[in-house]
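Source file: coords06.pdb; contents: PDB, C-alpha atoms.
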```
ATOM      1  CA  MET B   1     -12.005  12.800  15.234
ATOM      2  CA  TYR B   2     -13.341  10.789  12.319
ATOM      3  CA  LEU B   3     -15.917  12.655  10.236
ATOM      4  CA  LYS B   4     -17.347   9.566   8.606
ATOM      5  CA  SER B   5     -19.936  11.140   6.349
ATOM      6  CA  LEU B   6     -18.020  14.193   5.285
ATOM      7  CA  VAL B   7     -15.568  14.859   2.506
ATOM      8  CA  ALA B   8     -12.106  14.460   4.021
ATOM      9  CA  SER B   9      -9.923  15.967   1.318
ATOM     10  CA  ALA B  10      -8.800  19.531   0.832
ATOM     11  CA  THR B  11      -9.794  20.885  -2.581
ATOM     12  CA  MET B  12      -9.192  24.093  -4.415
ATOM     13  CA  VAL B  13     -10.122  25.641  -7.744
ATOM     14  CA  LEU B  14      -7.315  26.370 -10.174
ATOM     15  CA  SER B  15      -7.993  27.780 -13.665
ATOM     16  CA  GLY B  16     -11.522  26.410 -13.600
ATOM     17  CA  SER B  17     -10.470  22.871 -12.568
ATOM     18  CA  VAL B  18     -11.086  21.135  -9.273
ATOM     19  CA  VAL B  19      -7.796  20.044  -7.730
ATOM     20  CA  ALA B  20      -6.983  17.754  -4.809
ATOM     21  CA  GLU B  21      -4.062  19.162  -2.852
ATOM     22  CA  ASN B  22      -1.198  16.973  -1.673
ATOM     23  CA  PRO B  23      -1.115  15.491   0.872
ATOM     24  CA  LEU B  24      -4.750  14.417   0.658
ATOM     25  CA  PHE B  25      -5.648  14.556   4.340
ATOM     26  CA  SER B  26      -4.477  17.042   6.947
ATOM     27  CA  HIS B  27      -6.574  15.948   9.942
ATOM     28  CA  VAL B  28      -5.079  12.460  10.303
ATOM     29  CA  PHE B  29      -1.725  10.887   9.428
ATOM     30  CA  THR B  30      -1.903   8.193   6.739
ATOM     31  CA  ALA B  31       0.826   5.933   5.380
ATOM     32  CA  ASP B  32       1.525   2.911   3.169
ATOM     33  CA  PRO B  33      -1.359   3.485   0.737
ATOM     34  CA  ALA B  34      -3.026   0.556  -1.014
ATOM     35  CA  ALA B  35      -5.652   1.545  -3.558
ATOM     36  CA  MET B  36      -8.271  -0.686  -5.178
ATOM     37  CA  VAL B  37     -10.739   0.102  -7.950
ATOM     38  CA  ASP B  38     -14.146  -1.462  -7.325
ATOM     39  CA  GLY B  39     -16.654  -0.543 -10.044
ATOM     40  CA  ASP B  40     -17.038   3.231 -10.125
ATOM     41  CA  THR B  41     -15.246   3.757  -6.814
ATOM     42  CA  VAL B  42     -11.624   3.956  -5.708
ATOM     43  CA  TRP B  43     -11.000   2.581  -2.242
ATOM     44  CA  LEU B  44      -7.886   3.781  -0.471
ATOM     45  CA  TYR B  45      -6.583   1.826   2.518
ATOM     46  CA  THR B  46      -3.835   3.304   4.655
ATOM     47  CA  GLY B  47      -1.876   2.773   7.788
ATOM     48  CA  HIS B  48      -2.462   5.241  10.614
ATOM     49  CA  ASP B  49       0.599   6.968  12.057
ATOM     50  CA  GLU B  50       0.113   8.021  15.682
ATOM     51  CA  ALA B  51       3.698   8.539  16.851
ATOM     52  CA  PRO B  52       3.872  11.329  19.454
ATOM     53  CA  ASN B  53       7.093  12.596  17.864
ATOM     54  CA  ASN B  54       9.390  11.933  14.946
ATOM     55  CA  ASP B  55      12.409  10.778  16.950
ATOM     56  CA  VAL B  56      11.586   7.261  18.174
ATOM     57  CA  PHE B  57       9.700   4.802  15.941
ATOM     58  CA  PHE B  58       6.408   4.059  14.225
ATOM     59  CA  GLU B  59       3.253   3.795  16.299
ATOM     60  CA  MET B  60       0.430   2.204  14.297
ATOM     61  CA  HIS B  61      -2.594   0.468  15.804
ATOM     62  CA  ASP B  62      -5.258   0.318  13.076
ATOM     63  CA  TRP B  63      -5.993   0.758   9.381
ATOM     64  CA  LEU B  64      -8.076   3.510   7.770
ATOM     65  CA  ALA B  65     -10.260   3.510   4.663
ATOM     66  CA  PHE B  66     -11.363   6.263   2.283
ATOM     67  CA  SER B  67     -13.404   6.141  -0.913
ATOM     68  CA  SER B  68     -13.853   8.404  -3.912
ATOM     69  CA  LYS B  69     -15.696   8.428  -7.209
ATOM     70  CA  ASP B  70     -13.542  11.152  -8.765
ATOM     71  CA  MET B  71     -10.107  10.930  -7.046
ATOM     72  CA  ILE B  72     -10.684  14.486  -5.802
ATOM     73  CA  ASN B  73     -13.331  14.260  -3.082
ATOM     74  CA  TRP B  74     -12.832  11.545  -0.481
ATOM     75  CA  GLN B  75     -15.234  10.068   2.033
ATOM     76  CA  GLU B  76     -13.752   8.778   5.266
ATOM     77  CA  HIS B  77     -14.836   5.454   6.725
ATOM     78  CA  GLY B  78     -12.781   5.481   9.919
ATOM     79  CA  PRO B  79     -10.708   2.579  11.237
ATOM     80  CA  ILE B  80     -11.771  -0.667   9.574
ATOM     81  CA  MET B  81      -9.689  -2.988  11.754
ATOM     82  CA  LYS B  82      -7.121  -3.040  14.562
ATOM     83  CA  ALA B  83      -3.955  -5.138  14.574
ATOM     84  CA  THR B  84      -5.115  -6.825  17.770
ATOM     85  CA  ASP B  85      -8.290  -8.025  16.028
ATOM     86  CA  PHE B  86      -5.998 -10.873  15.031
ATOM     87  CA  GLN B  87      -5.969 -12.732  18.350
ATOM     88  CA  TRP B  88      -2.542 -14.213  17.611
ATOM     89  CA  ALA B  89      -0.994 -10.762  17.026
ATOM     90  CA  THR B  90       0.452  -8.317  19.555
ATOM     91  CA  GLY B  91      -0.012  -5.200  17.447
ATOM     92  CA  HIS B  92       1.842  -3.043  14.873
ATOM     93  CA  ALA B  93      -0.653  -2.321  12.084
ATOM     94  CA  TRP B  94       1.881  -2.012   9.291
ATOM     95  CA  ALA B  95       1.334  -2.026   5.517
ATOM     96  CA  SER B  96      -1.682  -3.786   4.053
ATOM     97  CA  HIS B  97      -3.334  -4.577   0.732
ATOM     98  CA  MET B  98      -6.965  -5.108  -0.265
ATOM     99  CA  ILE B  99      -8.171  -7.190  -3.195
ATOM    100  CA  GLU B 100     -11.566  -8.468  -4.346
ATOM    101  CA  SER B 101     -12.049 -12.110  -5.278
ATOM    102  CA  GLN B 102     -15.245 -14.113  -5.726
ATOM    103  CA  GLY B 103     -17.401 -11.349  -4.288
ATOM    104  CA  LYS B 104     -15.411 -10.997  -1.067
ATOM    105  CA  TYR B 105     -12.786  -8.484  -0.018
ATOM    106  CA  TRP B 106      -9.495  -9.881   1.234
ATOM    107  CA  PHE B 107      -7.322  -7.723   3.451
ATOM    108  CA  TYR B 108      -3.678  -8.857   3.700
ATOM    109  CA  THR B 109      -1.855  -7.158   6.541
ATOM    110  CA  THR B 110       1.450  -6.875   8.370
ATOM    111  CA  VAL B 111       1.345  -7.389  12.144
ATOM    112  CA  ARG B 112       3.702  -8.593  14.858
ATOM    113  CA  HIS B 113       3.013 -12.157  15.953
ATOM    114  CA  ASP B 114       2.862 -13.171  19.595
ATOM    115  CA  ASP B 115       5.679 -15.147  21.234
ATOM    116  CA  THR B 116       4.517 -18.473  19.825
ATOM    117  CA  LYS B 117       5.986 -17.449  16.461
ATOM    118  CA  PRO B 118       8.140 -14.347  17.080
ATOM    119  CA  GLY B 119       8.583 -11.758  14.373
ATOM    120  CA  PHE B 120       6.382  -9.973  11.893
ATOM    121  CA  ALA B 121       3.738 -11.984  10.070
ATOM    122  CA  VAL B 122       1.156 -11.638   7.319
ATOM    123  CA  GLY B 123      -2.472 -12.064   8.304
ATOM    124  CA  VAL B 124      -5.586 -12.053   6.149
ATOM    125  CA  ALA B 125      -9.027 -10.698   7.010
ATOM    126  CA  VAL B 126     -12.212 -10.877   4.951
ATOM    127  CA  SER B 127     -15.465  -8.983   4.495
ATOM    128  CA  ASP B 128     -18.481  -8.929   2.216
ATOM    129  CA  SER B 129     -17.999  -5.168   1.774
ATOM    130  CA  PRO B 130     -14.942  -3.033   0.989
ATOM    131  CA  LYS B 131     -15.699  -0.953   4.093
ATOM    132  CA  GLY B 132     -16.037  -3.946   6.392
ATOM    133  CA  PRO B 133     -16.588  -5.150   9.001
ATOM    134  CA  PHE B 134     -13.522  -7.384   8.630
ATOM    135  CA  LYS B 135     -12.737 -10.546  10.537
ATOM    136  CA  ASP B 136      -9.735 -12.844  10.670
ATOM    137  CA  ALA B 137     -10.255 -15.189   7.726
ATOM    138  CA  LEU B 138      -7.852 -17.893   8.886
ATOM    139  CA  GLY B 139      -7.560 -17.776  12.672
ATOM    140  CA  LYS B 140      -3.789 -17.822  12.349
ATOM    141  CA  ALA B 141      -1.084 -16.118  10.330
ATOM    142  CA  LEU B 142      -0.789 -16.865   6.633
ATOM    143  CA  ILE B 143       2.980 -16.280   6.613
ATOM    144  CA  THR B 144       5.247 -16.296   9.692
ATOM    145  CA  ASN B 145       8.878 -15.352  10.153
ATOM    146  CA  ASP B 146      10.022 -18.969  10.510
ATOM    147  CA  MET B 147       8.787 -19.766   6.985
ATOM    148  CA  THR B 148      11.525 -17.704   5.313
ATOM    149  CA  THR B 149      15.262 -17.820   5.955
ATOM    150  CA  GLN B 150      16.746 -15.384   3.450
ATOM    151  CA  THR B 151      17.660 -12.816   6.130
ATOM    152  CA  GLU B 152      18.142 -12.724   9.897
ATOM    153  CA  ASN B 153      15.657  -9.845  10.224
ATOM    154  CA  ASP B 154      12.412 -10.669  11.982
ATOM    155  CA  TRP B 155      10.638  -8.086   9.787
ATOM    156  CA  ASP B 156      11.550  -9.603   6.407
ATOM    157  CA  ASP B 157       7.970 -10.772   5.669
ATOM    158  CA  ILE B 158       6.224  -7.397   5.569
ATOM    159  CA  ASP B 159       4.271  -5.345   3.024
ATOM    160  CA  PRO B 160       1.988  -7.935   1.398
ATOM    161  CA  ALA B 161       0.628  -7.053  -2.054
ATOM    162  CA  ALA B 162      -1.871  -9.350  -3.736
ATOM    163  CA  PHE B 163      -2.261  -9.679  -7.494
ATOM    164  CA  ILE B 164      -4.756 -11.708  -9.526
ATOM    165  CA  ASP B 165      -3.690 -12.480 -13.078
ATOM    166  CA  ASP B 166      -5.944 -12.631 -16.103
ATOM    167  CA  ASP B 167      -6.300 -16.415 -15.714
ATOM    168  CA  GLY B 168      -7.661 -15.963 -12.187
ATOM    169  CA  GLN B 169      -4.535 -17.171 -10.409
ATOM    170  CA  ALA B 170      -3.763 -15.126  -7.284
ATOM    171  CA  TYR B 171      -0.290 -14.314  -5.981
ATOM    172  CA  LEU B 172       1.093 -12.595  -2.916
ATOM    173  CA  PHE B 173       4.252 -10.476  -3.146
ATOM    174  CA  PHE B 174       6.010  -9.349   0.040
ATOM    175  CA  GLY B 175       9.343  -8.927   1.791
ATOM    176  CA  ASN B 176      11.982  -6.642   3.238
ATOM    177  CA  LEU B 177      15.523  -6.704   1.787
ATOM    178  CA  VAL B 178      14.658  -9.899  -0.122
ATOM    179  CA  PRO B 179      11.526  -9.766  -2.310
ATOM    180  CA  LYS B 180       9.414 -12.923  -2.392
ATOM    181  CA  TYR B 181       6.213 -14.186  -3.944
ATOM    182  CA  VAL B 182       3.938 -17.187  -3.608
ATOM    183  CA  LYS B 183       0.859 -18.548  -5.359
ATOM    184  CA  LEU B 184      -2.418 -18.514  -3.425
ATOM    185  CA  LYS B 185      -5.098 -21.158  -3.618
ATOM    186  CA  SER B 186      -8.503 -20.077  -4.894
ATOM    187  CA  ASN B 187      -9.782 -19.781  -1.311
ATOM    188  CA  MET B 188      -7.285 -16.880  -0.867
ATOM    189  CA  VAL B 189      -6.178 -18.138   2.587
ATOM    190  CA  GLU B 190      -3.760 -20.933   1.697
ATOM    191  CA  LEU B 191      -0.395 -20.952  -0.015
ATOM    192  CA  ASP B 192      -0.243 -23.008  -3.199
ATOM    193  CA  GLY B 193       3.405 -23.943  -3.465
ATOM    194  CA  PRO B 194       6.751 -22.740  -2.157
ATOM    195  CA  ILE B 195       7.675 -19.142  -1.328
ATOM    196  CA  MET B 196      10.062 -18.007  -4.057
ATOM    197  CA  PRO B 197      12.649 -15.204  -3.851
ATOM    198  CA  ILE B 198      12.802 -12.656  -6.666
ATOM    199  CA  ASP B 199      16.000 -11.255  -8.148
ATOM    200  CA  LEU B 200      15.699  -7.455  -8.003
ATOM    201  CA  PRO B 201      18.476  -4.892  -7.477
ATOM    202  CA  ASN B 202      18.466  -2.482  -4.524
ATOM    203  CA  PHE B 203      15.213  -3.891  -3.101
ATOM    204  CA  THR B 204      14.152  -2.572   0.299
ATOM    205  CA  GLU B 205      10.388  -3.246   0.665
ATOM    206  CA  ALA B 206       6.899  -2.251  -0.585
ATOM    207  CA  ALA B 207       6.455  -4.545  -3.586
ATOM    208  CA  TRP B 208       3.485  -3.717  -5.838
ATOM    209  CA  VAL B 209       2.517  -5.525  -9.051
ATOM    210  CA  HIS B 210       0.273  -4.256 -11.814
ATOM    211  CA  LYS B 211      -0.274  -5.246 -15.424
ATOM    212  CA  ARG B 212      -0.862  -3.155 -18.534
ATOM    213  CA  LYS B 213      -1.632  -4.888 -21.801
ATOM    214  CA  LYS B 214       0.743  -7.889 -21.733
ATOM    215  CA  GLN B 215       3.426  -6.268 -19.585
ATOM    216  CA  TYR B 216       3.896  -6.898 -15.864
ATOM    217  CA  TYR B 217       5.300  -4.121 -13.676
ATOM    218  CA  LEU B 218       6.848  -4.690 -10.256
ATOM    219  CA  SER B 219       7.489  -1.441  -8.397
ATOM    220  CA  TYR B 220       9.157  -1.294  -5.007
ATOM    221  CA  ALA B 221      10.923   0.878  -2.467
ATOM    222  CA  CYS B 222      14.644   0.817  -3.205
ATOM    223  CA  PHE B 223      17.775   2.060  -1.410
ATOM    224  CA  PHE B 224      17.527   3.877   1.942
ATOM    225  CA  PRO B 225      16.355   6.586   2.328
ATOM    226  CA  GLU B 226      13.849   5.081  -0.039
ATOM    227  CA  LYS B 227      13.068   5.920  -3.621
ATOM    228  CA  ILE B 228      10.686   3.884  -5.798
ATOM    229  CA  CYS B 229      12.217   1.699  -8.503
ATOM    230  CA  TYR B 230      10.540  -0.662 -10.918
ATOM    231  CA  ALA B 231      11.124  -3.673 -13.142
ATOM    232  CA  THR B 232       9.174  -5.259 -16.001
ATOM    233  CA  SER B 233       8.575  -8.781 -17.212
ATOM    234  CA  ASP B 234       6.627 -10.698 -19.827
ATOM    235  CA  SER B 235       5.684 -13.216 -17.141
ATOM    236  CA  ILE B 236       4.458 -12.931 -13.563
ATOM    237  CA  HIS B 237       7.191 -15.429 -12.720
ATOM    238  CA  GLY B 238       9.942 -13.250 -14.162
ATOM    239  CA  PRO B 239      12.714 -12.807 -14.945
ATOM    240  CA  TRP B 240      12.319  -9.145 -14.068
ATOM    241  CA  LYS B 241      14.217  -6.500 -16.009
ATOM    242  CA  TYR B 242      15.253  -3.533 -13.878
ATOM    243  CA  GLN B 243      14.075  -0.251 -15.425
ATOM    244  CA  GLY B 244      15.415   2.294 -12.927
ATOM    245  CA  ILE B 245      13.999   4.869 -10.546
ATOM    246  CA  LEU B 246      10.326   5.781 -10.870
ATOM    247  CA  ASN B 247       9.945   8.207  -7.968
ATOM    248  CA  GLU B 248      12.484  10.178  -5.953
ATOM    249  CA  MET B 249      12.581  10.407  -2.172
ATOM    250  CA  ALA B 250       9.391  11.745  -0.636
ATOM    251  CA  GLY B 251       9.616  14.863   1.491
ATOM    252  CA  ASN B 252      10.723  14.683   5.123
ATOM    253  CA  THR B 253      10.685  10.888   5.535
ATOM    254  CA  GLU B 254      13.118   8.076   4.764
ATOM    255  CA  THR B 255      10.365   5.694   3.669
ATOM    256  CA  ASN B 256       8.082   5.538   0.692
ATOM    257  CA  HIS B 257       5.326   3.127  -0.238
ATOM    258  CA  GLN B 258       3.404   3.196  -3.500
ATOM    259  CA  SER B 259       0.356   1.839  -5.205
ATOM    260  CA  ILE B 260      -0.498   2.175  -8.879
ATOM    261  CA  ILE B 261      -3.996   2.070 -10.321
ATOM    262  CA  GLU B 262      -5.892   2.943 -13.483
ATOM    263  CA  PHE B 263      -9.228   4.702 -13.029
ATOM    264  CA  GLY B 264     -11.386   6.527 -15.530
ATOM    265  CA  GLY B 265      -8.832   6.036 -18.298
ATOM    266  CA  ARG B 266      -6.003   7.624 -16.291
ATOM    267  CA  SER B 267      -3.142   6.098 -14.346
ATOM    268  CA  TYR B 268      -2.267   7.247 -10.834
ATOM    269  CA  PHE B 269       0.722   6.930  -8.529
ATOM    270  CA  ILE B 270      -0.213   6.967  -4.846
ATOM    271  CA  TYR B 271       2.489   7.360  -2.196
ATOM    272  CA  HIS B 272       3.203   8.907   1.180
ATOM    273  CA  THR B 273       5.245  11.876   2.302
ATOM    274  CA  GLY B 274       6.204  13.375   5.651
ATOM    275  CA  ALA B 275       5.882  16.942   4.478
ATOM    276  CA  VAL B 276       2.427  17.887   5.772
ATOM    277  CA  ALA B 277       2.366  21.208   7.631
ATOM    278  CA  PRO B 278       0.872  21.540  11.135
ATOM    279  CA  GLN B 279      -2.772  22.607  11.268
ATOM    280  CA  GLY B 280      -4.628  23.406  14.487
ATOM    281  CA  ASP B 281      -4.077  20.620  16.977
ATOM    282  CA  GLN B 282      -2.497  18.405  14.312
ATOM    283  CA  PRO B 283       1.338  18.481  14.547
ATOM    284  CA  SER B 284       3.644  18.522  11.559
ATOM    285  CA  GLY B 285       4.438  15.428   9.552
ATOM    286  CA  GLY B 286       7.760  13.656   9.431
ATOM    287  CA  ARG B 287       9.524  10.321   9.333
ATOM    288  CA  PHE B 288       6.980   8.607  11.638
ATOM    289  CA  ARG B 289       3.994  10.834  10.810
ATOM    290  CA  ARG B 290       3.326  10.403   7.121
ATOM    291  CA  SER B 291       0.538  11.468   4.754
ATOM    292  CA  VAL B 292      -0.785  10.045   1.491
ATOM    293  CA  ALA B 293      -0.490  11.978  -1.769
ATOM    294  CA  ILE B 294      -1.504  11.248  -5.378
ATOM    295  CA  ASP B 295       0.008  12.270  -8.700
ATOM    296  CA  ARG B 296      -0.481  11.162 -12.302
ATOM    297  CA  LEU B 297       1.468   8.281 -13.801
ATOM    298  CA  TYR B 298       2.392   8.259 -17.482
ATOM    299  CA  TYR B 299       3.704   5.595 -19.854
ATOM    300  CA  LYS B 300       6.212   6.022 -22.625
ATOM    301  CA  ARG B 301       5.440   4.686 -26.096
ATOM    302  CA  ASP B 302       7.603   1.624 -25.475
ATOM    303  CA  GLY B 303       5.658   0.780 -22.318
ATOM    304  CA  ARG B 304       8.213   2.001 -19.814
ATOM    305  CA  LEU B 305       7.106   4.389 -17.075
ATOM    306  CA  LYS B 306       7.915   8.073 -17.014
ATOM    307  CA  ARG B 307       9.472   9.451 -13.847
ATOM    308  CA  VAL B 308       6.711  10.488 -11.445
ATOM    309  CA  VAL B 309       6.667  14.197 -10.668
ATOM    310  CA  MET B 310       5.556  14.856  -7.076
ATOM    311  CA  THR B 311       3.409  17.962  -6.736
ATOM    312  CA  SER B 312       1.804  19.954  -3.958
ATOM    313  CA  GLU B 313      -1.162  20.767  -6.227
ATOM    314  CA  GLY B 314      -2.081  17.105  -6.654
ATOM    315  CA  ILE B 315      -4.356  15.871  -9.414
ATOM    316  CA  GLN B 316      -7.145  17.771 -11.109
ATOM    317  CA  SER B 317     -10.523  16.709 -12.410
ATOM    318  CA  LYS B 318     -11.136  16.275 -16.122
TER     319      LYS B 318
END
```

Using structure tokens, write down the structure that the file contains.
Amino acid sequence: MYLKSLVASATMVLSGSVVAENPLFSHVFTADPAAMVDGDTVWLYTGHDEAPNNDVFFEMHDWLAFSSKDMINWQEHGPIMKATDFQWATGHAWASHMIESQGKYWFYTTVRHDDTKPGFAVGVAVSDSPKGPFKDALGKALITNDMTTQTENDWDDIDPAAFIDDDGQAYLFFGNLVPKYVKLKSNMVELDGPIMPIDLPNFTEAAWVHKRKKQYYLSYACFFPEKICYATSDSIHGPWKYQGILNEMAGNTETNHQSIIEFGGRSYFIYHTGAVAPQGDQPSGGRFRRSVAIDRLYYKRDGRLKRVVMTSEGIQSK
């Protein structure tokens, strides 16, 4: 099923420009995108929806990786890791985030812990290459459900998103219903201080932090069904000023999950939608069968973000 050496995206020509259609991939369901720029290449890491229908729940066993040098044509690298590669986990390959530090690639993931520490947990894997192979970097979970008490949910420590500030200090943002963050030690596998809650309105999940000039941006899934909201701050430690809705509900699914990158002098908003049409043996998308899409992101003169316009045409080459 995985065509590892072939271009995996659908492209078309429109008015002389090469365009990547949304969603990006029609042969496999992808969700919870986390993009990373590494030199001249964008790496896109996604969850892998395999639910047999759209009426029960998520079924996710592994994580997928794609790479591109132009944001139009994508090379597929197949599953890079399974949830059960963490020996302490029982499964559920939920949202993840990749970041490079000190020449290694750190993969922070959401999985369900075994009965020794019930609930969802954050694990971390490491590789010398962005395409793997990855191995458990710690031999145990980095964050477990018993470490936070803000909610009674056993899934309140999901959706890790790493961020390294200009001074080299790394942080991990995560959470469901209550957003949280914590400093990481330079080895990237130990917490460096207490887990701190963040004051954000209407927070659901999917925290993502990026920085432009001296401004910090914290975007996240808000409300339910989910939209994407965002807040800004002059400090990574807040306080965060709520700036409103950035992206409306994605088609045919109650969830959304975003990543924001700058590549080649342009900013991009990467998200998922359930609106992919059936093709061949591939069934239609939906709430538990989602697909990644990309559209442009624009800033206003005062630094605030313009509302993202979701398109079926996708982005076009320069």

Can you give me, as a PyMOL selection string, the residues this file yields under the PyMOL selection byres ((chain B and resi 281) around 12)?
-> chain B and resi 1+26-28+277-280+282-284

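For Asn202 in chain B, the set of protein, DNA and RNA residues having any atom at most 12 Å away, when counting only C-alpha atoms and skipping those fewer than 3 positions along the same chain, is Asn176, Leu177, Val178, Pro179, Ile198, Asp199, Glu205, Ser219, Tyr220, Ala221, Cys222, Phe223, Phe224, Pro225, Glu226, Lys227, Ile228, Cys229, Tyr230, Ala231, Tyr242, Gln243, Gly244 and Ile245 of chain B.
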
Within 10 Å of range 61-69 of chain B, which residues of range 117-230 of chain B come that close, and what is the closest atom pair and distance in Å for each? Count only C-alpha atoms and give it as a tab-separated table.
```
residue	atom	partner	partner_atom	distance
B:Pro130	CA	B:Ala65	CA	8.8
B:Lys131	CA	B:Ala65	CA	7.1
B:Gly132	CA	B:Ala65	CA	9.6
```

When you look at Thr109 in chain B with a cut-off of 9 Å (counting all atoms listed in the file), what residues show up, excluding the ones that are within fewer than 5 positions of it in the same chain? I need them as a PDB file with C-alpha atoms, keeping the file's coordinate frame.
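Once written, result-v4.pdb looks like this:
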```pdb
ATOM      1  CA  ALA B  83      -3.955  -5.138  14.574  1.00  0.00           C
ATOM      2  CA  ALA B  93      -0.653  -2.321  12.084  1.00  0.00           C
ATOM      3  CA  TRP B  94       1.881  -2.012   9.291  1.00  0.00           C
ATOM      4  CA  ALA B  95       1.334  -2.026   5.517  1.00  0.00           C
ATOM      5  CA  SER B  96      -1.682  -3.786   4.053  1.00  0.00           C
ATOM      6  CA  HIS B  97      -3.334  -4.577   0.732  1.00  0.00           C
ATOM      7  CA  MET B  98      -6.965  -5.108  -0.265  1.00  0.00           C
ATOM      8  CA  ALA B 121       3.738 -11.984  10.070  1.00  0.00           C
ATOM      9  CA  VAL B 122       1.156 -11.638   7.319  1.00  0.00           C
ATOM     10  CA  GLY B 123      -2.472 -12.064   8.304  1.00  0.00           C
ATOM     11  CA  VAL B 124      -5.586 -12.053   6.149  1.00  0.00           C
ATOM     12  CA  ALA B 125      -9.027 -10.698   7.010  1.00  0.00           C
ATOM     13  CA  ILE B 158       6.224  -7.397   5.569  1.00  0.00           C
ATOM     14  CA  ASP B 159       4.271  -5.345   3.024  1.00  0.00           C
ATOM     15  CA  PRO B 160       1.988  -7.935   1.398  1.00  0.00           C
ATOM     16  CA  ALA B 161       0.628  -7.053  -2.054  1.00  0.00           C
TER      17      ALA B 161
END
```

Residue with the minimum atom-to-atom distance to Gly314 in chain B, picked from B:Glu21, B:Glu152, B:Asp136, B:Asp167 with all atoms listed in the file counted, is B:Glu21

All residues 9 Å or closer to Pro118 in chain B, all atoms listed in the file, same chain fewer than 6 positions away omitted, as a short mmCIF file (atom, residue, chain, number, x, y, z; two decimals) with C-alpha atoms, keeping the file's coordinate frame:
```cif
data_model
loop_
_atom_site.label_atom_id
_atom_site.label_comp_id
_atom_site.auth_asym_id
_atom_site.auth_seq_id
_atom_site.Cartn_x
_atom_site.Cartn_y
_atom_site.Cartn_z
CA ARG B 112 3.70 -8.59 14.86
CA THR B 144 5.25 -16.30 9.69
CA ASN B 145 8.88 -15.35 10.15
CA ASP B 146 10.02 -18.97 10.51
CA ASP B 154 12.41 -10.67 11.98
#
```

How many Å separate CA of Thr151 in chain B from CA of Tyr181 in chain B?
-> 15.3 Å

Spatial neighbours of Phe58 in chain B, max dist 12 Å, all atoms listed in the file, sep filter under 3 positions, as a short mmCIF file (atom, residue, chain, number, x, y, z; two decimals) with C-alpha atoms, in the frame of the given file:
```
data_model
loop_
_atom_site.label_atom_id
_atom_site.label_comp_id
_atom_site.auth_asym_id
_atom_site.auth_seq_id
_atom_site.Cartn_x
_atom_site.Cartn_y
_atom_site.Cartn_z
CA PHE B 29 -1.72 10.89 9.43
CA THR B 30 -1.90 8.19 6.74
CA ALA B 31 0.83 5.93 5.38
CA GLY B 47 -1.88 2.77 7.79
CA HIS B 48 -2.46 5.24 10.61
CA ASP B 49 0.60 6.97 12.06
CA GLU B 50 0.11 8.02 15.68
CA ALA B 51 3.70 8.54 16.85
CA PRO B 52 3.87 11.33 19.45
CA ASN B 53 7.09 12.60 17.86
CA ASN B 54 9.39 11.93 14.95
CA ASP B 55 12.41 10.78 16.95
CA HIS B 61 -2.59 0.47 15.80
CA GLY B 91 -0.01 -5.20 17.45
CA HIS B 92 1.84 -3.04 14.87
CA ALA B 93 -0.65 -2.32 12.08
CA TRP B 94 1.88 -2.01 9.29
CA ALA B 95 1.33 -2.03 5.52
CA THR B 253 10.68 10.89 5.54
CA THR B 255 10.36 5.69 3.67
CA GLY B 286 7.76 13.66 9.43
CA ARG B 287 9.52 10.32 9.33
CA PHE B 288 6.98 8.61 11.64
CA ARG B 289 3.99 10.83 10.81
CA ARG B 290 3.33 10.40 7.12
#
```

Two-atom distance - CA of Glu190 in chain B, CA of Gly139 in chain B (Å) | 12.0 Å

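Of the residues listed (B:Ser129, B:Ser291, B:Pro79, B:Ala162), B:Ser291 shows the shortest atom-to-atom separation from Val276 in chain B; distances use all atoms listed in the file.
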
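With only C-alpha atoms as the atoms that count, the residue of B:Pro133, B:Ile236, B:Lys214, B:Met147 with the shortest distance to Leu172 in chain B is B:Ile236.
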
I need every residue sitting at most 9 Å from the point (-3.7, 11.6, -9.2) (coordinates as in the file, only C-alpha atoms considered), written as a PDB file with C-alpha atoms, keeping the file's coordinate frame.
```pdb
ATOM      1  CA  ALA B  20      -6.983  17.754  -4.809  1.00  0.00           C
ATOM      2  CA  MET B  71     -10.107  10.930  -7.046  1.00  0.00           C
ATOM      3  CA  ILE B  72     -10.684  14.486  -5.802  1.00  0.00           C
ATOM      4  CA  ARG B 266      -6.003   7.624 -16.291  1.00  0.00           C
ATOM      5  CA  SER B 267      -3.142   6.098 -14.346  1.00  0.00           C
ATOM      6  CA  TYR B 268      -2.267   7.247 -10.834  1.00  0.00           C
ATOM      7  CA  PHE B 269       0.722   6.930  -8.529  1.00  0.00           C
ATOM      8  CA  ILE B 270      -0.213   6.967  -4.846  1.00  0.00           C
ATOM      9  CA  ALA B 293      -0.490  11.978  -1.769  1.00  0.00           C
ATOM     10  CA  ILE B 294      -1.504  11.248  -5.378  1.00  0.00           C
ATOM     11  CA  ASP B 295       0.008  12.270  -8.700  1.00  0.00           C
ATOM     12  CA  ARG B 296      -0.481  11.162 -12.302  1.00  0.00           C
ATOM     13  CA  LEU B 297       1.468   8.281 -13.801  1.00  0.00           C
ATOM     14  CA  GLY B 314      -2.081  17.105  -6.654  1.00  0.00           C
ATOM     15  CA  ILE B 315      -4.356  15.871  -9.414  1.00  0.00           C
ATOM     16  CA  GLN B 316      -7.145  17.771 -11.109  1.00  0.00           C
TER      17      GLN B 316
END
```

Once you add 8 Å to each side, what are the centre and edge lengths of the axis-aligned box holding all listed atoms of range 70-85 of chain B? One decimal in Å, as JSON, if you can.
```
{"center_x": -9.6, "center_y": 3.2, "center_z": 4.5, "size_x": 27.3, "size_y": 38.5, "size_z": 42.5}
```

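With all atoms listed in the file as the atoms that count, the minimum distance from Lys213 in chain B to the choices B:Pro33, B:Tyr299, B:Tyr171, B:Ser186 is reached by B:Tyr299.
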
Can you pull out every residue within 9 Å of range 260-263 of chain B, counting all atoms listed in the file, but drop anything in the same chain fewer than 6 positions away, and send it as JSON, numbers by chain?
-> {"B": [34, 35, 36, 37, 40, 41, 42, 70, 71, 208, 209, 210, 219, 269, 270, 271, 297]}
